[in-house]
$ cat upload_26.txt   # compact mmCIF, C-alpha atoms and all ligand atoms
# COMPACT_ATOMS: atom_id res chain seq x y z
CA MET D 25 51.05 130.84 -193.96
CA ARG D 26 49.88 127.45 -192.63
CA ALA D 27 47.53 126.89 -189.70
CA ASP D 28 46.40 123.85 -187.70
CA PHE D 29 44.06 125.94 -185.52
CA ILE D 30 41.51 128.55 -186.60
CA ILE D 31 38.89 130.51 -184.71
CA LYS D 32 36.62 132.73 -186.79
CA ASN D 33 33.52 134.90 -186.89
CA CYS D 34 34.27 136.12 -183.35
CA ALA D 35 31.95 139.02 -182.47
CA GLU D 36 35.03 140.68 -180.97
CA ILE D 37 38.63 139.78 -180.28
CA VAL D 38 39.76 141.99 -177.39
CA THR D 39 43.42 142.04 -176.44
CA PRO D 40 46.22 144.15 -175.02
CA LEU D 41 49.22 144.64 -177.33
CA GLY D 42 52.89 144.41 -176.37
CA SER D 43 55.97 142.25 -176.57
CA GLY D 44 57.76 142.71 -173.30
CA GLU D 45 58.16 146.49 -172.96
CA PHE D 46 57.80 147.81 -169.40
CA LYS D 47 54.87 150.21 -169.82
CA PRO D 48 51.07 150.12 -169.68
CA ALA D 49 49.94 148.26 -172.81
CA SER D 50 47.71 149.62 -175.55
CA PHE D 51 44.48 147.74 -176.26
CA GLU D 52 42.80 146.52 -179.43
CA THR D 53 39.29 145.41 -180.33
CA ILE D 54 38.79 143.57 -183.64
CA THR D 55 35.17 143.10 -184.68
CA ASP D 56 34.25 140.05 -186.77
CA GLY D 57 37.66 138.73 -185.82
CA ALA D 58 39.63 135.60 -186.59
CA LEU D 59 42.85 134.05 -185.34
CA ALA D 60 45.01 131.27 -186.73
CA ALA D 61 47.83 129.30 -185.14
CA PHE D 62 50.37 126.68 -186.15
CA GLU D 63 51.95 124.31 -183.65
CA GLY D 64 50.64 126.38 -180.74
CA GLU D 65 51.87 129.76 -181.99
CA ILE D 66 49.67 132.53 -183.38
CA VAL D 67 50.32 133.15 -187.09
CA PHE D 68 47.40 135.46 -187.93
CA VAL D 69 45.02 137.82 -186.09
CA GLY D 70 42.61 140.02 -188.02
CA LYS D 71 39.20 140.11 -189.67
CA THR D 72 37.47 136.87 -190.61
CA ALA D 73 37.27 138.24 -194.18
CA GLU D 74 41.08 138.19 -194.35
CA LEU D 75 41.41 134.52 -193.41
CA ASP D 76 41.95 133.54 -197.07
CA LYS D 77 45.62 134.42 -196.49
CA VAL D 78 45.85 131.37 -194.28
CA GLU D 79 46.28 127.83 -195.63
CA THR D 80 44.54 125.33 -193.36
CA VAL D 81 46.31 121.99 -192.94
CA GLN D 82 44.43 118.68 -192.98
CA GLY D 83 42.77 117.87 -189.65
CA ALA D 84 43.01 121.45 -188.36
CA GLU D 85 40.86 122.45 -185.36
CA ILE D 86 38.29 125.03 -186.49
CA ILE D 87 36.16 126.93 -183.97
CA GLU D 88 33.06 128.86 -185.06
CA ALA D 89 32.82 131.70 -182.55
CA THR D 90 29.73 133.52 -183.79
CA GLY D 91 28.46 135.84 -181.05
CA LYS D 92 31.46 135.17 -178.78
CA ILE D 93 33.94 137.59 -177.23
CA VAL D 94 37.50 136.26 -177.38
CA THR D 95 40.25 137.25 -174.93
CA PRO D 96 43.75 135.99 -174.19
CA GLY D 97 43.91 133.25 -171.55
CA PHE D 98 44.52 134.67 -168.07
CA VAL D 99 48.03 134.65 -166.68
CA ASP D 100 47.76 134.22 -162.91
CA SER D 101 51.10 135.64 -161.81
CA HIS D 102 50.88 134.87 -158.07
CA THR D 103 49.58 131.56 -156.68
CA HIS D 104 50.33 129.17 -153.81
CA PRO D 105 48.64 125.95 -155.03
CA ILE D 106 51.05 123.44 -153.43
CA PHE D 107 49.26 122.70 -150.17
CA GLY D 108 47.70 119.61 -148.63
CA ASP D 109 44.70 120.28 -146.35
CA THR D 110 42.42 123.30 -146.67
CA ARG D 111 41.81 125.75 -143.75
CA GLU D 112 38.08 126.40 -143.50
CA ASN D 113 38.46 126.14 -139.70
CA GLU D 114 40.45 129.41 -139.78
CA PHE D 115 37.83 130.95 -142.05
CA GLU D 116 35.34 130.28 -139.24
CA MET D 117 37.73 131.76 -136.65
CA ARG D 118 38.01 134.91 -138.74
CA ILE D 119 34.22 135.16 -139.03
CA ALA D 120 34.14 134.98 -135.23
CA GLY D 121 36.52 137.96 -135.02
CA LYS D 122 40.11 136.63 -134.92
CA SER D 123 42.58 138.37 -137.23
CA TYR D 124 44.84 136.62 -139.75
CA GLU D 125 47.94 137.74 -137.80
CA GLU D 126 46.49 136.47 -134.46
CA ILE D 127 45.79 133.06 -136.01
CA ALA D 128 49.32 132.98 -137.48
CA LEU D 129 51.04 133.93 -134.21
CA ALA D 130 49.05 131.22 -132.38
CA GLY D 131 50.55 128.56 -134.67
CA GLY D 132 47.86 128.48 -137.36
CA GLY D 133 48.01 130.10 -140.78
CA ILE D 134 50.97 129.20 -142.95
CA ARG D 135 52.42 126.98 -140.19
CA SER D 136 49.34 124.78 -140.11
CA SER D 137 49.64 124.29 -143.88
CA VAL D 138 53.31 123.44 -143.32
CA ARG D 139 52.44 120.65 -140.87
CA SER D 140 49.93 119.26 -143.35
CA LEU D 141 52.26 119.42 -146.37
CA ARG D 142 55.06 117.67 -144.49
CA ASN D 143 52.65 114.80 -143.76
CA THR D 144 51.52 114.45 -147.37
CA SER D 145 53.47 112.34 -149.86
CA LYS D 146 54.50 113.69 -153.23
CA GLU D 147 52.06 111.34 -155.00
CA GLU D 148 49.16 112.36 -152.75
CA LEU D 149 49.98 116.05 -153.30
CA VAL D 150 49.90 115.60 -157.07
CA GLU D 151 46.46 113.93 -156.81
CA ARG D 152 45.09 116.73 -154.61
CA ILE D 153 46.46 119.54 -156.77
CA LEU D 154 45.35 118.24 -160.19
CA PRO D 155 41.68 119.25 -159.61
CA ARG D 156 42.89 122.73 -158.59
CA LEU D 157 44.69 123.03 -161.92
CA ASP D 158 41.55 121.88 -163.76
CA ARG D 159 39.68 124.67 -162.00
CA PHE D 160 42.22 127.30 -163.12
CA ILE D 161 41.64 126.16 -166.70
CA GLU D 162 37.83 126.08 -166.30
CA TYR D 163 37.94 129.73 -165.22
CA GLY D 164 40.06 130.78 -168.19
CA THR D 165 43.60 130.71 -166.78
CA THR D 166 46.19 129.18 -169.11
CA THR D 167 49.42 130.02 -167.22
CA ILE D 168 50.17 130.32 -163.50
CA GLU D 169 53.16 131.25 -161.44
CA ALA D 170 53.25 128.61 -158.66
CA LYS D 171 55.13 128.97 -155.38
CA SER D 172 56.49 126.44 -152.92
CA GLY D 173 56.49 127.72 -149.33
CA TYR D 174 54.52 125.23 -147.23
CA GLY D 175 57.43 122.80 -146.77
CA LEU D 176 60.08 124.91 -145.02
CA THR D 177 62.58 122.05 -144.73
CA CYS D 178 65.03 121.38 -147.50
CA GLU D 179 63.30 118.08 -148.27
CA ASP D 180 59.76 119.47 -148.26
CA GLU D 181 60.57 122.58 -150.29
CA ILE D 182 62.27 120.36 -152.88
CA LYS D 183 59.24 118.03 -152.78
CA SER D 184 56.92 120.99 -153.46
CA LEU D 185 59.01 122.21 -156.38
CA GLU D 186 59.24 118.70 -157.81
CA VAL D 187 55.43 118.55 -157.64
CA ILE D 188 55.19 121.84 -159.57
CA ASN D 189 57.58 120.54 -162.22
CA GLU D 190 55.75 117.21 -162.49
CA LEU D 191 52.36 118.94 -162.80
CA ASN D 192 53.80 121.18 -165.49
CA GLN D 193 54.61 118.04 -167.52
CA ARG D 194 51.30 116.32 -166.83
CA HIS D 195 48.76 119.15 -167.12
CA PRO D 196 47.97 121.53 -170.02
CA LEU D 197 48.24 124.55 -167.69
CA ASP D 198 51.71 126.17 -167.86
CA LEU D 199 53.30 126.46 -164.40
CA VAL D 200 56.21 128.83 -163.71
CA PRO D 201 57.95 127.68 -160.50
CA THR D 202 58.97 130.00 -157.64
CA PHE D 203 60.98 128.99 -154.57
CA LEU D 204 59.38 130.53 -151.44
CA GLY D 205 61.43 128.90 -148.67
CA ALA D 206 61.21 132.21 -146.78
CA HIS D 207 57.42 132.16 -146.45
CA GLU D 208 57.34 131.81 -142.64
CA ILE D 209 59.61 130.75 -139.77
CA PRO D 210 58.72 127.07 -139.18
CA ASP D 211 57.85 125.77 -135.67
CA GLU D 212 61.29 124.25 -135.03
CA TYR D 213 63.08 127.57 -135.69
CA ARG D 214 60.81 129.98 -133.77
CA ASP D 215 63.70 130.85 -131.41
CA ASN D 216 66.33 130.84 -134.09
CA ASN D 217 65.36 133.06 -137.05
CA ASP D 218 68.96 133.39 -138.15
CA GLY D 219 69.37 129.63 -138.17
CA TYR D 220 66.39 129.33 -140.52
CA ILE D 221 67.70 132.08 -142.80
CA ASP D 222 71.05 130.21 -142.99
CA LEU D 223 69.18 127.03 -143.93
CA VAL D 224 67.31 128.83 -146.72
CA ILE D 225 70.45 130.44 -148.11
CA ASN D 226 73.03 127.72 -147.61
CA GLU D 227 71.08 124.49 -148.05
CA MET D 228 67.80 125.05 -149.86
CA MET D 229 68.86 127.64 -152.42
CA PRO D 230 71.92 125.79 -153.78
CA GLU D 231 69.96 122.56 -154.23
CA VAL D 232 66.99 124.28 -155.90
CA LYS D 233 69.38 126.05 -158.27
CA GLU D 234 71.55 123.01 -158.92
CA ARG D 235 68.48 120.99 -159.91
CA ASN D 236 66.96 123.92 -161.80
CA LEU D 237 63.67 123.53 -159.91
CA ALA D 238 62.66 127.21 -159.78
CA GLU D 239 63.07 130.32 -161.88
CA PHE D 240 62.10 132.89 -159.22
CA CYS D 241 62.83 133.31 -155.52
CA ASP D 242 60.15 135.02 -153.41
CA ILE D 243 59.90 136.03 -149.73
CA PHE D 244 57.19 137.17 -147.30
CA CYS D 245 58.41 140.58 -146.06
CA GLU D 246 56.16 141.48 -143.11
CA SER D 247 56.64 142.58 -139.49
CA HIS D 248 55.56 139.21 -138.02
CA VAL D 249 57.59 137.18 -140.54
CA PHE D 250 60.81 138.41 -142.29
CA SER D 251 62.12 141.95 -141.74
CA VAL D 252 63.53 144.07 -144.57
CA LYS D 253 67.02 143.28 -143.24
CA ASP D 254 66.32 139.51 -143.44
CA CYS D 255 64.78 139.93 -146.88
CA ARG D 256 67.76 141.87 -148.20
CA LYS D 257 70.07 139.09 -147.04
CA ILE D 258 67.98 136.28 -148.54
CA LEU D 259 67.12 138.00 -151.82
CA SER D 260 70.69 139.22 -152.37
CA ALA D 261 71.88 135.62 -152.00
CA ALA D 262 69.14 134.49 -154.39
CA LYS D 263 70.16 137.09 -156.93
CA ASP D 264 73.81 136.02 -156.67
CA ALA D 265 72.70 132.42 -157.19
CA GLY D 266 70.95 133.43 -160.42
CA PHE D 267 67.28 133.54 -159.39
CA LYS D 268 64.94 136.26 -160.61
CA LEU D 269 63.25 137.95 -157.64
CA LYS D 270 59.74 138.50 -156.32
CA ILE D 271 58.63 139.84 -152.96
CA HIS D 272 55.42 139.90 -150.88
CA ALA D 273 55.70 143.55 -149.84
CA ASP D 274 53.82 146.16 -147.82
CA GLN D 275 50.71 143.98 -147.51
CA LEU D 276 49.59 144.28 -143.89
CA THR D 277 51.89 147.11 -142.76
CA ARG D 278 54.24 149.56 -144.42
CA ASN D 279 57.53 147.72 -144.02
CA GLY D 280 59.76 148.84 -146.89
CA GLY D 281 59.58 145.66 -148.97
CA THR D 282 58.67 147.56 -152.13
CA ALA D 283 61.70 149.85 -151.88
CA LEU D 284 63.83 146.73 -151.41
CA ALA D 285 62.31 145.19 -154.56
CA ALA D 286 63.42 148.28 -156.49
CA GLU D 287 66.85 148.29 -154.86
CA LEU D 288 67.48 144.67 -155.90
CA GLY D 289 65.81 144.88 -159.33
CA ALA D 290 63.04 142.37 -158.59
CA THR D 291 60.81 141.31 -161.49
CA SER D 292 57.70 142.04 -159.40
CA ALA D 293 56.59 143.34 -156.02
CA ASP D 294 53.29 141.90 -154.88
CA HIS D 295 50.35 143.09 -152.68
CA LEU D 296 51.50 146.76 -152.12
CA GLU D 297 48.43 147.94 -150.18
CA TYR D 298 50.63 150.12 -147.93
CA THR D 299 52.77 151.78 -150.64
CA ASP D 300 52.85 155.37 -151.88
CA GLU D 301 54.23 157.51 -154.71
CA ASN D 302 57.82 157.32 -153.36
CA ASP D 303 57.74 153.54 -153.78
CA TRP D 304 56.05 153.73 -157.19
CA GLU D 305 58.68 156.06 -158.57
CA LYS D 306 61.39 153.62 -157.47
CA MET D 307 59.47 150.79 -159.14
CA VAL D 308 59.25 152.70 -162.43
CA ASN D 309 62.99 153.41 -162.36
CA SER D 310 63.87 149.78 -161.61
CA ARG D 311 61.13 148.29 -163.84
CA VAL D 312 59.43 146.33 -161.07
CA VAL D 313 55.94 145.13 -162.03
CA PRO D 314 53.28 145.68 -159.33
CA VAL D 315 51.14 142.58 -158.79
CA LEU D 316 47.96 143.58 -156.97
CA LEU D 317 45.95 140.94 -155.12
CA PRO D 318 42.50 142.35 -154.34
CA GLY D 319 41.15 138.84 -153.62
CA ALA D 320 43.34 138.62 -150.51
CA VAL D 321 42.17 142.02 -149.24
CA PHE D 322 38.57 140.97 -149.83
CA PHE D 323 38.95 137.51 -148.27
CA LEU D 324 40.70 138.92 -145.17
CA GLY D 325 37.77 141.32 -144.74
CA LYS D 326 40.05 144.35 -145.01
CA GLU D 327 39.19 147.72 -146.53
CA LYS D 328 42.54 149.04 -147.71
CA TYR D 329 43.10 148.15 -151.38
CA ALA D 330 46.21 149.13 -153.36
CA GLN D 331 46.01 152.48 -155.16
CA ALA D 332 45.92 151.02 -158.65
CA THR D 333 44.80 154.02 -160.68
CA ARG D 334 47.53 156.21 -159.19
CA MET D 335 50.13 153.54 -159.93
CA HIS D 336 48.83 153.45 -163.51
CA GLU D 337 49.19 157.24 -163.73
CA VAL D 338 52.89 157.13 -162.86
CA GLY D 339 53.45 154.64 -165.70
CA LEU D 340 53.46 151.27 -163.96
CA PRO D 341 52.03 148.26 -165.87
CA ILE D 342 49.78 146.94 -163.09
CA ALA D 343 49.13 143.20 -162.92
CA ILE D 344 46.36 141.51 -160.94
CA ALA D 345 46.39 137.92 -159.68
CA THR D 346 44.41 135.61 -157.40
CA ASP D 347 47.06 134.87 -154.71
CA PHE D 348 45.28 131.48 -154.63
CA ASN D 349 46.15 129.90 -151.24
CA PRO D 350 44.27 128.16 -148.40
CA GLY D 351 44.55 131.12 -145.99
CA THR D 352 44.02 134.47 -147.64
CA CYS D 353 42.37 133.75 -151.00
CA MET D 354 40.79 130.36 -151.60
CA SER D 355 39.80 130.94 -155.22
CA GLU D 356 41.27 130.03 -158.60
CA SER D 357 38.85 132.39 -160.36
CA MET D 358 40.42 135.25 -162.31
CA PRO D 359 36.98 136.45 -163.51
CA PHE D 360 36.12 137.14 -159.86
CA ILE D 361 39.43 139.03 -159.48
CA LEU D 362 38.41 141.13 -162.52
CA THR D 363 35.20 142.08 -160.74
CA LEU D 364 37.14 143.12 -157.62
CA ALA D 365 39.69 144.99 -159.74
CA CYS D 366 36.88 147.03 -161.31
CA LEU D 367 34.93 147.68 -158.10
CA LYS D 368 37.74 148.03 -155.57
CA LEU D 369 40.80 149.06 -157.62
CA LYS D 370 38.64 151.21 -159.94
CA LEU D 371 40.11 149.73 -163.12
CA LYS D 372 38.04 149.88 -166.30
CA PRO D 373 37.18 146.43 -167.71
CA ALA D 374 39.80 146.71 -170.49
CA GLU D 375 42.43 147.80 -167.94
CA ALA D 376 41.50 144.90 -165.67
CA LEU D 377 41.78 142.44 -168.58
CA THR D 378 45.19 143.89 -169.50
CA ALA D 379 46.31 143.56 -165.86
CA ALA D 380 45.18 139.92 -165.83
CA THR D 381 46.87 138.96 -169.09
CA TYR D 382 49.71 140.96 -170.65
CA HIS D 383 50.91 142.89 -167.58
CA ALA D 384 50.70 139.63 -165.65
CA ALA D 385 52.95 138.02 -168.25
CA LEU D 386 55.45 140.86 -167.65
CA ALA D 387 55.33 139.99 -163.94
CA ILE D 388 56.67 136.50 -164.73
CA ASP D 389 59.07 137.68 -167.41
CA ARG D 390 56.99 136.17 -170.21
CA GLY D 391 55.84 139.39 -171.92
CA ASN D 392 57.06 138.16 -175.29
CA LEU D 393 55.27 134.81 -174.98
CA PHE D 394 51.88 135.10 -173.27
CA GLY D 395 49.14 137.55 -172.39
CA SER D 396 48.11 139.02 -175.74
CA LEU D 397 46.68 137.76 -179.01
CA GLU D 398 49.38 138.76 -181.50
CA VAL D 399 51.46 136.98 -184.13
CA GLY D 400 54.32 135.11 -182.47
CA LYS D 401 52.59 134.66 -179.11
CA LYS D 402 51.18 131.39 -177.73
CA ALA D 403 47.66 130.57 -178.94
CA ASP D 404 46.20 130.68 -175.40
CA LEU D 405 42.68 132.10 -175.51
CA VAL D 406 39.19 132.05 -174.05
CA THR D 407 35.82 132.41 -175.77
CA TRP D 408 33.05 133.98 -173.67
CA ASP D 409 29.27 133.74 -173.96
CA VAL D 410 28.83 137.45 -173.27
CA PRO D 411 27.65 140.46 -175.29
CA ASN D 412 30.70 142.66 -174.55
CA LEU D 413 33.88 142.83 -172.48
CA SER D 414 32.32 144.78 -169.58
CA TYR D 415 29.81 141.98 -169.10
CA ILE D 416 32.59 139.64 -167.86
CA PRO D 417 33.31 141.46 -164.54
CA TYR D 418 29.69 142.66 -164.33
CA HIS D 419 28.03 139.22 -164.13
CA PHE D 420 30.13 137.87 -161.29
CA GLY D 421 30.40 134.61 -159.37
CA VAL D 422 29.30 132.45 -162.32
CA ASN D 423 31.23 130.91 -165.18
CA LEU D 424 30.53 132.60 -168.53
CA ILE D 425 33.27 130.74 -170.43
CA LYS D 426 32.44 128.68 -173.48
CA THR D 427 35.88 127.41 -174.58
CA VAL D 428 39.47 127.54 -173.32
CA VAL D 429 42.33 126.99 -175.77
CA LYS D 430 45.92 126.30 -174.65
CA SER D 431 48.70 126.30 -177.27
CA GLY D 432 46.13 125.94 -180.06
CA LYS D 433 44.31 122.97 -178.44
CA ILE D 434 40.87 122.99 -176.81
CA VAL D 435 41.37 122.12 -173.12
CA TYR D 436 37.91 123.03 -171.78
CA GLU D 437 34.42 123.40 -173.23
CA SER D 438 31.28 124.17 -171.24
O1 LIG D 501 50.15 135.78 -150.20
N1 LIG D 501 51.42 136.50 -147.75
C1 LIG D 501 51.88 135.36 -147.61
N2 LIG D 501 51.36 134.29 -148.14
C2 LIG D 501 50.04 134.16 -148.54
C3 LIG D 501 49.20 133.62 -147.44
C4 LIG D 501 49.48 132.19 -147.27
C5 LIG D 501 48.63 131.49 -146.26
O2 LIG D 501 47.96 132.06 -145.38
O3 LIG D 501 48.66 130.25 -146.37
C6 LIG D 501 49.57 135.44 -149.16
O4 LIG D 501 48.64 136.12 -148.70
FE FE D 502 50.98 135.30 -151.79
$ encode --input "upload_26.txt" --output "structure tokens" --more "lines below"
Ligand code: NIG
Ligand code: FE
Amino acid sequence: MRADFIIKNCAEIVTPLGSGEFKPASFETITDGALAAFEGEIVFVGKTAELDKVETVQGAEIIEATGKIVTPGFVDSHTHPIFGDTRENEFEMRIAGKSYEEIALAGGGIRSSVRSLRNTSKEELVERILPRLDRFIEYGTTTIEAKSGYGLTCEDEIKSLEVINELNQRHPLDLVPTFLGAHEIPDEYRDNNDGYIDLVINEMMPEVKERNLAEFCDIFCESHVFSVKDCRKILSAAKDAGFKLKIHADQLTRNGGTALAAELGATSADHLEYTDENDWEKMVNSRVVPVLLPGAVFFLGKEKYAQATRMHEVGLPIAIATDFNPGTCMSESMPFILTLACLKLKLKPAEALTAATYHAALAIDRGNLFGSLEVGKKADLVTWDVPNLSYIPYHFGVNLIKTVVKSGKIVYES
């Protein structure tokens, strides 16, 4: 077999294993490991001593990884990076005691990001978001799911999705686009929820689909935003239009969004702090991936985290993600999310890594492409200056990454 990319003498290659099956993945550690890729795809993973099977082409990239731990690149399966201004003013209001819901109902929150995005041109947005994408890469993320949702007019939702698609062309990070027109009721429809829902279904959705600007459709199911009844209407229309489904469910209250995700066969249900075993059983039966977002719980100063270990016990492949957004989790750092997943969700380091890579790939329907270091998958990987896997979540708030590789090319080196 031929290779144009080789990494060898890795102290350990640590990776989940799986090619799209809906179940918690097994996990492998290869000591003195090596990996080879050709044209961005992994062709060999094993011991360095076995590398003689691989024929290296002229000009191949060769990485000496002596003393390094190697993991798959992170798949961040839930992000909202398409915003203009940041919201540190609301961060201060929350420190002073206001709740996220109070700020939202007073016109702040998502609606303040909407006003800002509407006033920002497409070109300016691209310039502001590029450094955010660099930061994802610097912290080891090689694929993100990226949502619209701060436009909330047909024009501004399309603008946001066009930005995602343009960034996907321009930047090494892979972006998987999600249409989130039903993120909030915008100012001009506060007295006419049904009018806004009609706009989402009858004007936004057909144009997004027609122009193939998004693969998934998502919605914010919450008592102060869209009810389960609204969500059923919007997501059923999205399903009929050919979108795969996601849903922000049971985050701040128990509202039934998770059961709806199972009813409609969503690819993932996200947040899930207020869910229980009845919901989890439905998710198993309908193969809905739980995407847990401990960074948002932490950043909102809340105490109630999702019951990850119990979800794992019933057979759900749990994913974790940042929820990167200017309101409830202003961080692109998956290593920090690993730390929270260990401390607050009680995942073991290998389980947290699996949740942040392979299970996360399942949550964006890419389980056969990303998230594990196996023959046939994308050569997306990270080398870490750490003595063992547990050290990654243990030494938190700093960057321990040495190299990030996307599709067999080095895209970051410290
Ligand atoms: O996932 N839940 C809805 N959306 C985001 C918050 C977005 C914002 O505050 O700007 C979330 O937490
Ligand atoms: Fe979110």
$ residues_near_ligand --input "upload_26.txt" --ligand "ligand FE 502 (chain D)" --cutoff "10 Å" --atoms "all atoms listed in the file" --output "list in words"
His102, Thr103, His104, Ala170, Lys171, Gly173, Leu204, His207, Asp242, Ile243, Phe244, Ile271, His272, Ala273, Gln275, Asp294, His295, Leu317, Ala320, Ala345, Thr346, Asp347, Phe348, Asn349, Gly351, Thr352 and Cys353 of chain D
$ residues_around --input "upload_26.txt" --residues "D:Val232" --least-positions-apart "4" --cutoff "8 Å" --atoms "all atoms listed in the file" --output "PDB file with C-alpha atoms, in the coordinates of the input"
ATOM      1  CA  ILE D 182      62.270 120.360-152.880  1.00  0.00           C
ATOM      2  CA  PHE D 203      60.980 128.990-154.570  1.00  0.00           C
ATOM      3  CA  MET D 228      67.800 125.050-149.860  1.00  0.00           C
ATOM      4  CA  ASN D 236      66.960 123.920-161.800  1.00  0.00           C
ATOM      5  CA  LEU D 237      63.670 123.530-159.910  1.00  0.00           C
ATOM      6  CA  ALA D 238      62.660 127.210-159.780  1.00  0.00           C
TER       7      ALA D 238
END
$ residues_around --input "upload_26.txt" --residues "D:Tyr174" --least-positions-apart "3" --cutoff "7 Å" --atoms "all atoms listed in the file" --output "list in words"
Phe107, Ile134, Ser137, Val138 and Leu141 of chain D
$ closest_residue --input "upload_26.txt" --among "D:Val67, D:Val99, D:Leu364, D:Ile106" --to "ligand LIG 501 (chain D)" --atoms "all atoms listed in the file"
D:Ile106
$ residues_near_point --input "upload_26.txt" --point "(58.4, 139.6, -138.4)" --cutoff "12 Å" --atoms "only C-alpha atoms" --output "ChimeraX atom specification"
/D:125,128-129,206-209,214,217,243-255,276-277,279
$ write_last_selection --input "upload_26.txt" --atoms "C-alpha atoms" --output "short mmCIF file (atom, residue, chain, number, x, y, z; two decimals), in the coordinates of the input"
data_model
loop_
_atom_site.label_atom_id
_atom_site.label_comp_id
_atom_site.auth_asym_id
_atom_site.auth_seq_id
_atom_site.Cartn_x
_atom_site.Cartn_y
_atom_site.Cartn_z
CA GLU D 125 47.94 137.74 -137.80
CA ALA D 128 49.32 132.98 -137.48
CA LEU D 129 51.04 133.93 -134.21
CA ALA D 206 61.21 132.21 -146.78
CA HIS D 207 57.42 132.16 -146.45
CA GLU D 208 57.34 131.81 -142.64
CA ILE D 209 59.61 130.75 -139.77
CA ARG D 214 60.81 129.98 -133.77
CA ASN D 217 65.36 133.06 -137.05
CA ILE D 243 59.90 136.03 -149.73
CA PHE D 244 57.19 137.17 -147.30
CA CYS D 245 58.41 140.58 -146.06
CA GLU D 246 56.16 141.48 -143.11
CA SER D 247 56.64 142.58 -139.49
CA HIS D 248 55.56 139.21 -138.02
CA VAL D 249 57.59 137.18 -140.54
CA PHE D 250 60.81 138.41 -142.29
CA SER D 251 62.12 141.95 -141.74
CA VAL D 252 63.53 144.07 -144.57
CA LYS D 253 67.02 143.28 -143.24
CA ASP D 254 66.32 139.51 -143.44
CA CYS D 255 64.78 139.93 -146.88
CA LEU D 276 49.59 144.28 -143.89
CA THR D 277 51.89 147.11 -142.76
CA ASN D 279 57.53 147.72 -144.02
#
$ closest_residue --input "upload_26.txt" --among "D:Gly64, D:Leu269, D:Gly133, D:Tyr329" --to "D:Arg118" --atoms "all atoms listed in the file"
D:Gly133
$ residues_around --input "upload_26.txt" --residues "stretch 396-408 of chain D" --least-positions-apart "6" --cutoff "8 Å" --atoms "only C-alpha atoms" --output "NGL selection string"
:D and (39-42 or 61 or 64-69 or 89 or 92-97 or 164 or 166 or 381-382 or 424-432)
$ write_last_selection --input "upload_26.txt" --atoms "C-alpha atoms" --output "PDB file, in the coordinates of the input"
ATOM      1  CA  THR D  39      43.420 142.040-176.440  1.00  0.00           C
ATOM      2  CA  PRO D  40      46.220 144.150-175.020  1.00  0.00           C
ATOM      3  CA  LEU D  41      49.220 144.640-177.330  1.00  0.00           C
ATOM      4  CA  GLY D  42      52.890 144.410-176.370  1.00  0.00           C
ATOM      5  CA  ALA D  61      47.830 129.300-185.140  1.00  0.00           C
ATOM      6  CA  GLY D  64      50.640 126.380-180.740  1.00  0.00           C
ATOM      7  CA  GLU D  65      51.870 129.760-181.990  1.00  0.00           C
ATOM      8  CA  ILE D  66      49.670 132.530-183.380  1.00  0.00           C
ATOM      9  CA  VAL D  67      50.320 133.150-187.090  1.00  0.00           C
ATOM     10  CA  PHE D  68      47.400 135.460-187.930  1.00  0.00           C
ATOM     11  CA  VAL D  69      45.020 137.820-186.090  1.00  0.00           C
ATOM     12  CA  ALA D  89      32.820 131.700-182.550  1.00  0.00           C
ATOM     13  CA  LYS D  92      31.460 135.170-178.780  1.00  0.00           C
ATOM     14  CA  ILE D  93      33.940 137.590-177.230  1.00  0.00           C
ATOM     15  CA  VAL D  94      37.500 136.260-177.380  1.00  0.00           C
ATOM     16  CA  THR D  95      40.250 137.250-174.930  1.00  0.00           C
ATOM     17  CA  PRO D  96      43.750 135.990-174.190  1.00  0.00           C
ATOM     18  CA  GLY D  97      43.910 133.250-171.550  1.00  0.00           C
ATOM     19  CA  GLY D 164      40.060 130.780-168.190  1.00  0.00           C
ATOM     20  CA  THR D 166      46.190 129.180-169.110  1.00  0.00           C
ATOM     21  CA  THR D 381      46.870 138.960-169.090  1.00  0.00           C
ATOM     22  CA  TYR D 382      49.710 140.960-170.650  1.00  0.00           C
ATOM     23  CA  LEU D 424      30.530 132.600-168.530  1.00  0.00           C
ATOM     24  CA  ILE D 425      33.270 130.740-170.430  1.00  0.00           C
ATOM     25  CA  LYS D 426      32.440 128.680-173.480  1.00  0.00           C
ATOM     26  CA  THR D 427      35.880 127.410-174.580  1.00  0.00           C
ATOM     27  CA  VAL D 428      39.470 127.540-173.320  1.00  0.00           C
ATOM     28  CA  VAL D 429      42.330 126.990-175.770  1.00  0.00           C
ATOM     29  CA  LYS D 430      45.920 126.300-174.650  1.00  0.00           C
ATOM     30  CA  SER D 431      48.700 126.300-177.270  1.00  0.00           C
ATOM     31  CA  GLY D 432      46.130 125.940-180.060  1.00  0.00           C
TER      32      GLY D 432
END
$ residues_around --input "upload_26.txt" --residues "D:Val200" --least-positions-apart "2" --cutoff "12 Å" --atoms "all atoms listed in the file" --output "MDAnalysis selection string"
chainID D and resid 99:105 166:172 185 187:193 197:198 202:203 236:241 268 385 387:390
$ closest_atom_pairs --input "upload_26.txt" --of "stretch 331-386 of chain D" --to "stretch 303-308 of chain D" --cutoff "8 Å" --atoms "only C-alpha atoms" --output "CSV"
residue,atom,partner,partner_atom,distance
D:Met335,CA,D:Trp304,CA,6.5
D:Val338,CA,D:Glu305,CA,7.3
D:Gly339,CA,D:Val308,CA,6.9
D:Leu340,CA,D:Val308,CA,6.2
$ closest_residue --input "upload_26.txt" --among "D:Ala365, D:Ile221, D:Ala384, D:Ala374" --to "D:Val312" --atoms "all atoms listed in the file"
D:Ala384
$ atom_distance --input "upload_26.txt" --atom1 "atom CA of D:Cys34" --atom2 "atom CA of D:Ile342"
27.7 Å
